[in-house]
$ cat entry-v8.csv   # CSV, C-alpha atoms and all ligand atoms
chain,number,residue,atom,x,y,z
A,181,MET,CA,96.3,128.5,98.5
A,182,ARG,CA,97.6,131.3,96.3
A,183,THR,CA,98.9,130.3,92.8
A,184,ASP,CA,102.4,131.9,93.4
A,185,ASN,CA,102.8,129.8,96.5
A,186,LEU,CA,101.9,126.7,94.6
A,187,GLU,CA,104.5,127.5,92.0
A,188,GLU,CA,107.1,128.1,94.6
A,189,LEU,CA,106.3,124.8,96.2
A,190,ILE,CA,106.5,123.0,92.9
A,191,ALA,CA,109.9,124.6,92.2
A,192,LYS,CA,111.1,123.3,95.5
A,193,PHE,CA,109.6,119.9,94.8
A,194,LYS,CA,111.5,119.8,91.5
A,195,GLN,CA,114.7,120.4,93.5
A,196,LYS,CA,113.8,117.2,95.5
A,197,ASP,CA,112.9,119.1,98.6
A,198,ARG,CA,111.2,116.5,100.9
A,199,ARG,CA,109.2,119.1,102.8
A,200,ALA,CA,107.7,120.3,99.6
A,201,LEU,CA,106.8,116.7,98.7
A,202,ALA,CA,105.1,116.4,102.2
A,203,ARG,CA,103.2,119.6,101.7
A,204,LEU,CA,102.0,118.8,98.3
A,205,ILE,CA,100.8,115.4,99.4
A,206,SER,CA,98.7,117.1,102.1
A,207,LEU,CA,97.3,119.6,99.7
A,208,ILE,CA,96.4,117.0,97.2
A,209,GLU,CA,94.9,114.7,99.8
A,210,ASN,CA,92.6,117.4,100.9
A,211,ASP,CA,91.7,118.9,97.6
A,212,PRO,CA,91.0,116.6,94.6
A,213,GLU,CA,90.8,119.6,92.2
A,214,LEU,CA,94.3,120.7,93.1
A,215,ALA,CA,95.9,117.6,91.5
A,216,GLY,CA,95.1,118.8,88.0
A,217,LYS,CA,96.7,122.2,88.7
A,218,VAL,CA,99.8,120.6,90.2
A,219,PHE,CA,100.4,118.0,87.4
A,220,LYS,CA,100.3,120.7,84.7
A,221,HIS,CA,103.8,121.6,85.9
A,222,PHE,CA,105.3,118.2,85.1
A,223,ASN,CA,106.3,116.2,82.1
A,224,LYS,CA,105.6,112.6,81.4
A,225,PRO,CA,106.5,110.6,84.6
A,226,ASN,CA,108.3,107.3,84.7
A,227,ASP,CA,106.2,104.5,86.0
A,228,ALA,CA,107.0,103.4,89.5
A,229,TYR,CA,106.4,99.8,90.4
A,230,ILE,CA,103.6,99.6,92.9
A,231,ILE,CA,103.5,97.0,95.6
A,232,GLY,CA,100.4,96.6,97.7
A,233,ILE,CA,100.7,95.0,101.2
A,234,THR,CA,97.6,93.9,103.0
A,235,GLY,CA,96.7,91.8,106.0
A,236,PRO,CA,95.0,92.2,109.4
A,237,PRO,CA,96.3,94.8,111.9
A,238,GLY,CA,99.4,93.6,113.9
A,239,VAL,CA,100.7,91.0,111.4
A,240,GLY,CA,103.8,93.1,110.8
A,241,LYS,CA,103.0,95.0,107.6
A,242,SER,CA,104.8,98.1,108.7
A,243,THR,CA,107.8,96.2,110.0
A,244,LEU,CA,108.0,94.2,106.8
A,245,ILE,CA,107.8,97.4,104.7
A,246,ASN,CA,110.7,98.9,106.7
A,247,GLN,CA,112.8,95.8,105.9
A,248,LEU,CA,111.8,95.8,102.2
A,249,ALA,CA,112.4,99.5,101.8
A,250,GLN,CA,115.8,99.3,103.5
A,251,LYS,CA,116.9,96.5,101.2
A,252,LEU,CA,115.6,98.1,98.0
A,253,ALA,CA,117.2,101.4,99.0
A,254,GLU,CA,120.5,99.7,99.5
A,255,GLU,CA,120.2,98.6,95.8
A,256,GLY,CA,119.9,102.3,95.0
A,257,LYS,CA,116.1,102.4,94.5
A,258,ARG,CA,114.0,105.3,95.7
A,259,ILE,CA,110.9,104.3,97.6
A,260,GLY,CA,107.7,106.1,98.4
A,261,ILE,CA,105.4,104.5,101.0
A,262,ILE,CA,101.7,105.2,101.6
A,263,SER,CA,100.4,103.7,104.8
A,264,ILE,CA,96.6,103.7,105.2
A,265,ASP,CA,96.0,103.3,108.9
A,266,PRO,CA,92.4,103.0,110.0
A,267,SER,CA,93.3,103.0,113.7
A,268,SER,CA,94.4,106.6,113.6
A,269,PRO,CA,91.9,109.4,112.9
A,270,PHE,CA,94.9,111.8,112.6
A,271,SER,CA,97.4,111.1,109.9
A,272,GLY,CA,99.9,113.0,112.0
A,273,GLY,CA,99.6,110.5,114.8
A,274,ALA,CA,100.0,107.5,112.5
A,275,PHE,CA,102.9,109.2,110.8
A,276,LEU,CA,104.8,109.7,114.1
A,277,GLY,CA,104.2,106.1,115.1
A,278,ASP,CA,105.3,104.8,111.7
A,279,ARG,CA,108.3,107.1,111.6
A,280,ILE,CA,109.7,105.6,114.8
A,281,ARG,CA,109.5,102.1,113.2
A,282,MET,CA,110.8,103.3,109.9
A,283,SER,CA,114.3,103.8,111.2
A,284,GLY,CA,117.4,102.8,109.3
A,285,LEU,CA,120.2,103.9,107.2
A,286,GLN,CA,118.8,104.8,103.9
A,287,GLN,CA,116.4,107.5,105.0
A,288,ASP,CA,117.1,109.9,102.2
A,289,LYS,CA,115.9,107.4,99.6
A,290,ILE,CA,112.7,106.5,101.5
A,291,PHE,CA,109.7,108.7,102.0
A,292,MET,CA,106.8,107.6,104.2
A,293,ARG,CA,103.4,109.0,104.4
A,294,SER,CA,100.4,107.8,106.5
A,295,MET,CA,96.9,108.5,105.7
A,296,ALA,CA,93.8,107.9,107.9
A,297,SER,CA,91.3,105.7,106.3
A,298,ARG,CA,88.6,108.3,106.2
A,299,GLY,CA,91.0,111.2,105.8
A,300,ALA,CA,91.1,111.7,102.1
A,301,VAL,CA,88.7,114.0,100.3
A,302,GLY,CA,87.1,112.2,97.3
A,303,GLY,CA,88.1,108.7,98.5
A,304,LEU,CA,91.1,106.7,99.4
A,305,SER,CA,91.7,105.4,95.9
A,306,ARG,CA,91.6,108.9,94.4
A,307,ALA,CA,94.1,110.2,97.0
A,308,THR,CA,96.4,107.1,96.7
A,309,PHE,CA,96.5,107.4,92.9
A,310,ASP,CA,97.3,111.1,93.1
A,311,ILE,CA,100.0,110.5,95.7
A,312,CYS,CA,101.5,107.8,93.5
A,313,LEU,CA,101.7,110.3,90.7
A,314,LEU,CA,103.5,112.8,93.0
A,315,TYR,CA,105.9,110.1,94.1
A,316,GLU,CA,106.6,109.2,90.4
A,317,ALA,CA,107.2,112.9,89.7
A,318,PHE,CA,109.6,113.0,92.6
A,319,GLY,CA,111.6,110.2,91.0
A,320,MET,CA,110.5,107.2,93.1
A,321,ASP,CA,111.2,103.8,91.5
A,322,ILE,CA,108.9,101.9,93.8
A,323,VAL,CA,105.7,102.8,95.7
A,324,ILE,CA,104.5,100.6,98.5
A,325,VAL,CA,100.9,100.9,99.7
A,326,GLU,CA,100.0,99.4,103.1
A,327,THR,CA,96.4,98.7,104.0
A,328,VAL,CA,94.5,96.4,106.3
A,329,GLY,CA,92.3,95.6,103.3
A,330,ALA,CA,89.1,95.6,105.3
A,331,GLY,CA,86.2,97.4,103.7
A,332,GLN,CA,85.5,98.2,100.1
A,333,SER,CA,87.5,101.4,99.8
A,334,GLU,CA,90.6,99.7,101.2
A,335,VAL,CA,90.3,96.8,98.8
A,336,GLU,CA,89.8,99.2,95.9
A,337,VAL,CA,93.1,100.8,96.8
A,338,LEU,CA,94.8,97.5,96.1
A,339,HIS,CA,93.7,97.7,92.5
A,340,LEU,CA,96.4,100.4,92.1
A,341,ALA,CA,99.1,97.8,92.9
A,342,ASP,CA,101.1,95.8,90.3
A,343,THR,CA,102.0,93.1,92.9
A,344,ILE,CA,99.9,92.4,96.0
A,345,LEU,CA,101.3,90.8,99.1
A,346,VAL,CA,98.9,89.3,101.6
A,347,ILE,CA,100.4,88.9,105.0
A,348,ASN,CA,99.4,86.1,107.4
A,349,VAL,CA,100.8,85.1,110.8
A,350,PRO,CA,100.7,81.9,112.8
A,351,GLY,CA,97.9,81.8,115.4
A,352,LEU,CA,95.5,84.1,113.7
A,353,GLY,CA,93.0,81.3,113.0
A,354,ASP,CA,93.2,78.8,110.2
A,355,SER,CA,93.7,79.6,106.6
A,356,ILE,CA,90.1,78.7,105.8
A,357,GLN,CA,89.2,81.9,107.7
A,358,CYS,CA,91.6,83.9,105.6
A,359,GLN,CA,90.0,82.4,102.5
A,360,LYS,CA,86.6,83.3,103.7
A,361,ALA,CA,87.7,86.9,104.1
A,362,GLY,CA,88.4,86.8,100.4
A,363,ILE,CA,91.9,88.0,101.0
A,364,ILE,CA,93.8,85.1,99.7
A,365,GLU,CA,92.4,85.4,96.2
A,366,ILE,CA,93.8,88.9,95.7
A,367,GLY,CA,97.4,87.9,96.8
A,368,ASP,CA,100.1,87.5,94.1
A,369,ILE,CA,102.4,86.5,96.9
A,370,LEU,CA,101.4,85.1,100.2
A,371,VAL,CA,103.6,85.9,103.2
A,372,VAL,CA,103.6,84.1,106.5
A,373,ASN,CA,105.3,86.6,108.8
A,374,LYS,CA,106.6,86.1,112.4
A,375,LYS,CA,108.5,83.0,111.3
A,376,ASP,CA,110.1,83.0,114.8
A,377,LEU,CA,106.7,82.2,116.2
A,378,GLY,CA,106.1,79.2,113.9
A,379,GLY,CA,103.9,79.4,110.8
A,380,GLU,CA,105.0,76.2,109.1
A,381,GLU,CA,101.4,74.8,109.5
A,382,ILE,CA,99.6,77.8,107.9
A,383,ALA,CA,102.2,77.9,105.1
A,384,VAL,CA,101.4,74.2,104.3
A,385,GLN,CA,97.7,74.9,104.4
A,386,LEU,CA,98.0,77.9,102.1
A,387,ASP,CA,100.1,75.8,99.7
A,388,LEU,CA,97.3,73.1,99.7
A,389,ILE,CA,94.6,75.7,99.0
A,390,LEU,CA,96.6,77.2,96.1
A,391,ASP,CA,97.2,73.7,94.6
A,392,ASP,CA,93.5,73.3,94.6
A,393,ALA,CA,92.8,76.7,93.1
A,394,VAL,CA,93.7,75.6,89.6
A,395,MET,CA,90.9,77.7,88.1
A,396,TYR,CA,91.9,81.0,89.3
A,397,ILE,CA,95.6,80.5,88.7
A,398,GLY,CA,94.6,79.6,85.1
A,399,GLN,CA,93.5,83.1,84.4
A,400,THR,CA,97.0,84.6,84.8
A,401,GLY,CA,99.2,81.6,84.7
A,402,TRP,CA,100.8,82.7,88.0
A,403,ARG,CA,100.8,80.4,91.0
A,404,PRO,CA,101.3,82.6,94.1
A,405,PRO,CA,104.3,81.5,96.1
A,406,VAL,CA,104.1,81.3,99.9
A,407,VAL,CA,107.1,82.9,101.6
A,408,GLN,CA,107.9,82.8,105.3
A,409,THR,CA,109.5,85.9,106.8
A,410,ASN,CA,110.7,87.3,110.1
A,411,SER,CA,110.4,91.0,109.7
A,412,ILE,CA,112.4,91.8,112.8
A,413,SER,CA,115.5,89.8,111.9
A,414,GLY,CA,115.0,90.2,108.2
A,415,GLU,CA,115.0,86.4,107.5
A,416,GLY,CA,113.2,85.6,104.3
A,417,ILE,CA,113.1,89.2,103.0
A,418,ASP,CA,115.6,88.5,100.2
A,419,GLU,CA,113.5,85.6,99.0
A,420,LEU,CA,110.4,87.8,99.2
A,421,ILE,CA,112.1,90.5,97.0
A,422,GLU,CA,113.1,87.8,94.6
A,423,GLU,CA,109.4,86.6,94.3
A,424,ILE,CA,108.2,90.2,93.8
A,425,TRP,CA,110.6,90.5,90.8
A,426,ASN,CA,109.5,87.1,89.6
A,427,HIS,CA,105.9,88.2,89.6
A,428,LYS,CA,106.8,91.5,88.0
A,429,GLU,CA,108.6,89.6,85.2
A,430,HIS,CA,105.7,87.2,84.8
A,431,ILE,CA,103.1,90.0,84.4
A,432,GLU,CA,105.4,92.0,82.1
A,433,LEU,CA,105.9,89.0,79.8
A,434,ALA,CA,102.3,88.1,79.8
A,435,GLY,CA,101.2,91.6,78.9
A,436,ILE,CA,99.3,91.8,82.2
A,437,LEU,CA,101.2,94.7,83.6
A,438,GLU,CA,100.4,96.8,80.6
A,439,GLN,CA,96.7,95.8,80.8
A,440,LYS,CA,96.6,96.6,84.6
A,441,ARG,CA,98.1,100.0,84.0
A,442,GLN,CA,95.8,100.9,81.2
A,443,LYS,CA,92.8,99.7,83.2
A,444,ARG,CA,93.9,101.8,86.1
A,445,LEU,CA,94.1,104.9,83.9
A,446,LYS,CA,90.7,104.2,82.4
A,447,ASP,CA,89.2,103.8,85.9
A,448,LYS,CA,90.9,107.1,86.9
A,449,LEU,CA,89.5,108.9,83.9
A,450,ILE,CA,86.0,107.6,84.6
A,451,ALA,CA,86.3,108.5,88.3
A,452,LEU,CA,87.3,112.1,87.3
A,453,ILE,CA,84.4,112.4,85.0
A,454,GLN,CA,82.0,111.0,87.6
A,455,PHE,CA,83.3,113.5,90.1
A,456,LYS,CA,82.7,116.3,87.7
A,457,ILE,CA,79.2,115.1,86.9
A,458,LEU,CA,78.4,114.7,90.5
A,459,ASN,CA,79.5,118.3,91.2
A,460,TYR,CA,77.4,119.5,88.4
A,461,VAL,CA,74.4,117.6,89.7
A,462,MET,CA,74.9,119.1,93.2
A,463,GLN,CA,75.4,122.6,91.8
A,464,HIS,CA,72.9,122.8,89.0
A,465,ILE,CA,70.2,120.1,89.4
A,466,TYR,CA,69.8,119.8,93.2
A,467,PRO,CA,68.8,123.4,93.7
A,468,THR,CA,66.4,123.4,90.8
A,469,ILE,CA,64.2,120.4,91.8
A,470,GLU,CA,60.7,121.7,91.9
A,471,LYS,CA,58.6,121.5,95.0
A,472,THR,CA,55.8,119.7,93.2
A,473,LYS,CA,58.2,116.9,92.3
A,474,LEU,CA,59.3,116.6,95.9
A,475,ASN,CA,55.7,116.6,97.2
A,476,ASN,CA,55.0,113.9,94.7
A,477,ILE,CA,57.6,111.7,96.4
A,478,TYR,CA,56.8,112.8,99.9
A,479,GLU,CA,53.2,111.6,99.3
A,480,ASN,CA,54.2,108.3,97.9
A,481,LYS,CA,57.8,107.2,98.1
A,482,TYR,CA,57.4,104.6,95.3
A,483,ASN,CA,57.4,107.6,93.0
A,484,VAL,CA,61.0,108.4,93.6
A,485,TYR,CA,62.1,106.1,90.7
A,486,ASP,CA,59.8,107.7,88.2
A,487,VAL,CA,60.6,111.2,89.3
A,488,ALA,CA,64.3,110.6,89.1
A,489,GLN,CA,63.9,109.2,85.5
A,490,SER,CA,61.8,112.3,84.5
A,491,ILE,CA,64.4,114.7,85.9
A,492,TYR,CA,67.1,112.8,84.2
A,493,ASN,CA,65.2,112.9,80.9
A,494,ASP,CA,64.5,116.6,81.2
A,495,PHE,CA,68.1,117.3,81.8
A,496,PHE,CA,69.3,115.4,78.7
A,497,SER,CA,66.6,116.9,76.5
A,498,GLN,CA,67.7,120.3,77.6
A,499,LEU,CA,71.3,119.4,76.8
A,500,LYS,CA,70.3,118.1,73.4
A,501,GLY,CA,68.2,121.3,72.8
A,502,ARG,CA,71.3,123.3,73.5
A,503,GLU,CA,73.4,121.3,71.1
A,504,SER,CA,71.1,121.7,68.1
B,601,LIG,N1,107.9,88.1,116.7
B,601,LIG,C1,107.8,88.8,115.6
B,601,LIG,N2,107.1,90.0,115.8
B,601,LIG,C2,107.0,90.8,114.7
B,601,LIG,C3,107.5,90.4,113.4
B,601,LIG,N3,107.2,91.4,112.5
B,601,LIG,C4,106.5,92.4,113.2
B,601,LIG,N4,106.4,92.0,114.5
B,601,LIG,C5,105.8,92.8,115.6
B,601,LIG,O1,104.4,92.8,115.5
B,601,LIG,C6,103.8,94.0,116.0
B,601,LIG,C7,103.0,94.7,114.9
B,601,LIG,O2,103.8,95.1,113.8
B,601,LIG,P1,103.4,96.2,112.7
B,601,LIG,O3,104.5,96.2,111.7
B,601,LIG,O4,103.0,97.4,113.4
B,601,LIG,O5,102.1,95.5,112.1
B,601,LIG,P2,101.0,96.1,111.1
B,601,LIG,O6,99.8,96.5,112.0
B,601,LIG,O7,100.6,94.9,110.3
B,601,LIG,O8,101.6,97.2,110.4
B,601,LIG,C8,105.0,94.9,116.4
B,601,LIG,O9,105.2,94.8,117.8
B,601,LIG,C9,106.2,94.3,115.6
B,601,LIG,O10,107.4,94.4,116.3
B,601,LIG,C10,108.1,89.1,113.3
B,601,LIG,O11,108.5,88.7,112.2
B,601,LIG,N5,108.2,88.4,114.4
B,602,MG,MG,101.1,99.2,110.1

$ encode --input "entry-v8.csv" --output "structure tokens"
Amino acid sequence: MRTDNLEELIAKFKQKDRRALARLISLIENDPELAGKVFKHFNKPNDAYIIGITGPPGVGKSTLINQLAQKLAEEGKRIGIISIDPSSPFSGGAFLGDRIRMSGLQQDKIFMRSMASRGAVGGLSRATFDICLLYEAFGMDIVIVETVGAGQSEVEVLHLADTILVINVPGLGDSIQCQKAGIIEIGDILVVNKKDLGGEEIAVQLDLILDDAVMYIGQTGWRPPVVQTNSISGEGIDELIEEIWNHKEHIELAGILEQKRQKRLKDKLIALIQFKILNYVMQHIYPTIEKTKLNNIYENKYNVYDVAQSIYNDFFSQLKGRES
């Protein structure tokens, strides 16, 4: 995209033009290098509070987010949503589906964006982080990230969240299965949705598991509450919001929020450096690997480790040679 177009787009974005926001998200999603150019145009952003919502498909995450966002918007908050939908290869399709469900009164305070799991260039966490930055620049107070939390890249995305909600429903198998999936451990708040269909049993089981899990609670001093909700009627949503703010207060007072945010920035910094080094390797080392070295490996693949080490050593001694 031409620079003057980008500047025009950013000017519109600064006037709170939602279409400019949508366009910038697409651009940044598809081009990691562009983020750096875009963010040069902004001053220090305010931190949005980031809520991660995870759980298997169909448990009601999107419906719950709709309720949460409506209520928070009624309190005057502005909310940006990122929905990572593995079922849809086209973010456009997922967006349409979600938009139908994201109906309500406070639409001007809520912005919703779907992203296909494999859609983002440079990884989901990278794109989600950058979209969060955009949302913050747009003035969002809260960012909600929805993911099914299956697979490593989806779990990594949750590290961006300040508070993580894990959603369960009655009838999805017992809680031991959830625990096996490793999904309970990451929850700051456990939600049993579809209260109209039951869920008392699983709520009790979750409470029992949590009561046993003294060790892991000991690390943060936070004992995750279990909240039952009905995302269609809105029952339990006020209690859920209260628990989110309780958790926020807890991690603020304990200094954990600060630590999380600093770790996130450090991880982002390292990821950017890795990305640059990787590009350098592909552009400058990959094309220069001599045929003799390759033949050495083709003849005996055990040599791949030694050859890698020798190329690495050569590269750094060249670098040092240049320095001195
Ligand atoms: N009975 C009942 N159905 C719900 C509830 N919340 C969501 N649903 C329904 O569950 C289905 C899946 O919801 P969705 O929000 O798309 O789930 P997601 O895949 O986790 O995002 C939809 O048909 C919703 O209407 C609830 O509290 N009770
Ligand atoms: Mg959904």

$ residues_around --input "entry-v8.csv" --residues "His430 in chain A" --least-positions-apart "6" --cutoff "12 Å" --atoms "all atoms listed in the file" --output "list of chain:residue names"
A:Asp342, A:Thr343, A:Asp368, A:Thr400, A:Gly401, A:Trp402, A:Arg403, A:Pro404, A:Glu423, A:Ile424, A:Ile436, A:Leu437, A:Glu438

$ write_last_selection --input "entry-v8.csv" --atoms "C-alpha atoms" --output "compact mmCIF listing (two decimals), in the frame of the given file"
# COMPACT_ATOMS: atom_id res chain seq x y z
CA ASP A 342 101.10 95.80 90.30
CA THR A 343 102.00 93.10 92.90
CA ASP A 368 100.10 87.50 94.10
CA THR A 400 97.00 84.60 84.80
CA GLY A 401 99.20 81.60 84.70
CA TRP A 402 100.80 82.70 88.00
CA ARG A 403 100.80 80.40 91.00
CA PRO A 404 101.30 82.60 94.10
CA GLU A 423 109.40 86.60 94.30
CA ILE A 424 108.20 90.20 93.80
CA ILE A 436 99.30 91.80 82.20
CA LEU A 437 101.20 94.70 83.60
CA GLU A 438 100.40 96.80 80.60

$ closest_atom_pairs --input "entry-v8.csv" --of "chain A" --to "ligand MG 602 (chain B)" --cutoff "8 Å" --atoms "all atoms listed in the file" --output "JSON lines"
{"residue": "A:Pro237", "atom": "CA", "partner": "B:MG602", "partner_atom": "MG", "distance": 6.8}
{"residue": "A:Gly238", "atom": "CA", "partner": "B:MG602", "partner_atom": "MG", "distance": 7.0}
{"residue": "A:Gly240", "atom": "CA", "partner": "B:MG602", "partner_atom": "MG", "distance": 6.7}
{"residue": "A:Lys241", "atom": "CA", "partner": "B:MG602", "partner_atom": "MG", "distance": 5.2}
{"residue": "A:Ser242", "atom": "CA", "partner": "B:MG602", "partner_atom": "MG", "distance": 4.1}
{"residue": "A:Thr243", "atom": "CA", "partner": "B:MG602", "partner_atom": "MG", "distance": 7.3}
{"residue": "A:Ser263", "atom": "CA", "partner": "B:MG602", "partner_atom": "MG", "distance": 7.0}
{"residue": "A:Asp265", "atom": "CA", "partner": "B:MG602", "partner_atom": "MG", "distance": 6.7}
{"residue": "A:Asp278", "atom": "CA", "partner": "B:MG602", "partner_atom": "MG", "distance": 7.2}
{"residue": "A:Glu326", "atom": "CA", "partner": "B:MG602", "partner_atom": "MG", "distance": 7.1}
{"residue": "A:Thr327", "atom": "CA", "partner": "B:MG602", "partner_atom": "MG", "distance": 7.7}

$ atom_distance --input "entry-v8.csv" --atom1 "CA of Lys224 in chain A" --atom2 "CA of Phe318 in chain A"
11.9 Å

$ residues_around --input "entry-v8.csv" --residues "range 451-460 of chain A" --least-positions-apart "2" --cutoff "10 Å" --atoms "only C-alpha atoms" --output "VMD selection string"
chain A and resid 212 to 213 302 305 to 306 445 to 449 462 to 466

$ atom_distance --input "entry-v8.csv" --atom1 "CA of Phe291 in chain A" --atom2 "CA of Asp376 in chain A"
28.7 Å

$ closest_residue --input "entry-v8.csv" --among "A:Glu415, A:Arg444, A:Thr409, A:Lys257" --to "Gly379 in chain A" --atoms "only C-alpha atoms"
A:Thr409

$ closest_residue --input "entry-v8.csv" --among "A:Ile261, A:Ala307, A:Val484, A:Leu186" --to "Val325 in chain A" --atoms "all atoms listed in the file"
A:Ile261

$ atom_distance --input "entry-v8.csv" --atom1 "CA of Leu474 in chain A" --atom2 "CA of Ser490 in chain A"
12.4 Å

$ closest_residue --input "entry-v8.csv" --among "A:Gly501, A:Asn410, A:Gly256, A:Asn210" --to "ligand LIG 601 (chain B)" --atoms "all atoms listed in the file"
A:Asn410

$ closest_residue --input "entry-v8.csv" --among "A:Leu214, A:Ile245, A:Ile311, A:Leu499" --to "ligand LIG 601 (chain B)" --atoms "only C-alpha atoms and all ligand atoms"
A:Ile245

$ closest_residue --input "entry-v8.csv" --among "A:Val335, A:Asp288, A:Thr308, A:Pro225" --to "Asp197 in chain A" --atoms "only C-alpha atoms"
A:Asp288

$ closest_residue --input "entry-v8.csv" --among "A:Ile450, A:Gly378, A:Glu336, A:Leu244" --to "ligand LIG 601 (chain B)" --atoms "only C-alpha atoms and all ligand atoms"
A:Leu244

$ residues_near_point --input "entry-v8.csv" --point "(113.9, 92.3, 91.2)" --cutoff "12 Å" --atoms "only C-alpha atoms" --output "NGL selection string"
:A and (229 or 248 or 251-252 or 255 or 257 or 321-322 or 418-430)

$ residues_around --input "entry-v8.csv" --residues "Phe219 in chain A" --least-positions-apart "4" --cutoff "9 Å" --atoms "only C-alpha atoms" --output "list in words"
Leu214, Ala215, Asn223, Leu313, Leu314 and Ala317 of chain A

$ residues_around --input "entry-v8.csv" --residues "range 369-371 of chain A" --least-positions-apart "3" --cutoff "6 Å" --atoms "only C-alpha atoms" --output "PyMOL selection string"
chain A and resi 345-348+404-408

$ residues_near_point --input "entry-v8.csv" --point "(108.9, 123.1, 87.9)" --cutoff "7 Å" --atoms "only C-alpha atoms" --output "PyMOL selection string"
chain A and resi 190-191+194+221-222

$ build_atoms --input "entry-v8.csv" --residues "range 404-417 of chain A" --atoms "N, CA and C atoms" --output "PDB file, in the coordinates of the input"
ATOM      1  N   PRO A 404     100.681  81.801  93.000  1.00  0.00           N
ATOM      2  CA  PRO A 404     101.300  82.600  94.100  1.00  0.00           C
ATOM      3  C   PRO A 404     102.190  81.761  94.976  1.00  0.00           C
ATOM      4  N   PRO A 405     103.420  82.190  95.176  1.00  0.00           N
ATOM      5  CA  PRO A 405     104.300  81.500  96.100  1.00  0.00           C
ATOM      6  C   PRO A 405     103.947  81.849  97.557  1.00  0.00           C
ATOM      7  N   VAL A 406     104.304  80.977  98.465  1.00  0.00           N
ATOM      8  CA  VAL A 406     104.100  81.300  99.900  1.00  0.00           C
ATOM      9  C   VAL A 406     105.516  81.452 100.497  1.00  0.00           C
ATOM     10  N   VAL A 407     105.726  82.598 101.102  1.00  0.00           N
ATOM     11  CA  VAL A 407     107.100  82.900 101.600  1.00  0.00           C
ATOM     12  C   VAL A 407     106.961  83.169 103.136  1.00  0.00           C
ATOM     13  N   GLN A 408     107.847  82.529 103.881  1.00  0.00           N
ATOM     14  CA  GLN A 408     107.900  82.800 105.300  1.00  0.00           C
ATOM     15  C   GLN A 408     108.939  83.823 105.661  1.00  0.00           C
ATOM     16  N   THR A 409     108.561  84.783 106.489  1.00  0.00           N
ATOM     17  CA  THR A 409     109.500  85.900 106.800  1.00  0.00           C
ATOM     18  C   THR A 409     109.528  86.117 108.338  1.00  0.00           C
ATOM     19  N   ASN A 410     110.630  86.708 108.749  1.00  0.00           N
ATOM     20  CA  ASN A 410     110.700  87.300 110.100  1.00  0.00           C
ATOM     21  C   ASN A 410     111.106  88.744 109.866  1.00  0.00           C
ATOM     22  N   SER A 411     110.154  89.631 110.044  1.00  0.00           N
ATOM     23  CA  SER A 411     110.400  91.000 109.700  1.00  0.00           C
ATOM     24  C   SER A 411     111.287  91.742 110.667  1.00  0.00           C
ATOM     25  N   ILE A 412     111.507  91.122 111.818  1.00  0.00           N
ATOM     26  CA  ILE A 412     112.400  91.800 112.800  1.00  0.00           C
ATOM     27  C   ILE A 412     113.852  91.438 112.472  1.00  0.00           C
ATOM     28  N   SER A 413     114.124  90.142 112.228  1.00  0.00           N
ATOM     29  CA  SER A 413     115.500  89.800 111.900  1.00  0.00           C
ATOM     30  C   SER A 413     115.834  89.983 110.441  1.00  0.00           C
ATOM     31  N   GLY A 414     114.807  90.011 109.600  1.00  0.00           N
ATOM     32  CA  GLY A 414     115.000  90.200 108.200  1.00  0.00           C
ATOM     33  C   GLY A 414     115.106  88.842 107.426  1.00  0.00           C
ATOM     34  N   GLU A 415     114.943  87.752 108.136  1.00  0.00           N
ATOM     35  CA  GLU A 415     115.000  86.400 107.500  1.00  0.00           C
ATOM     36  C   GLU A 415     113.839  86.303 106.478  1.00  0.00           C
ATOM     37  N   GLY A 416     114.172  85.815 105.299  1.00  0.00           N
ATOM     38  CA  GLY A 416     113.200  85.600 104.300  1.00  0.00           C
ATOM     39  C   GLY A 416     112.884  86.818 103.396  1.00  0.00           C
ATOM     40  N   ILE A 417     113.440  87.962 103.764  1.00  0.00           N
ATOM     41  CA  ILE A 417     113.100  89.200 103.000  1.00  0.00           C
ATOM     42  C   ILE A 417     113.760  89.138 101.605  1.00  0.00           C
TER      43      ILE A 417
END
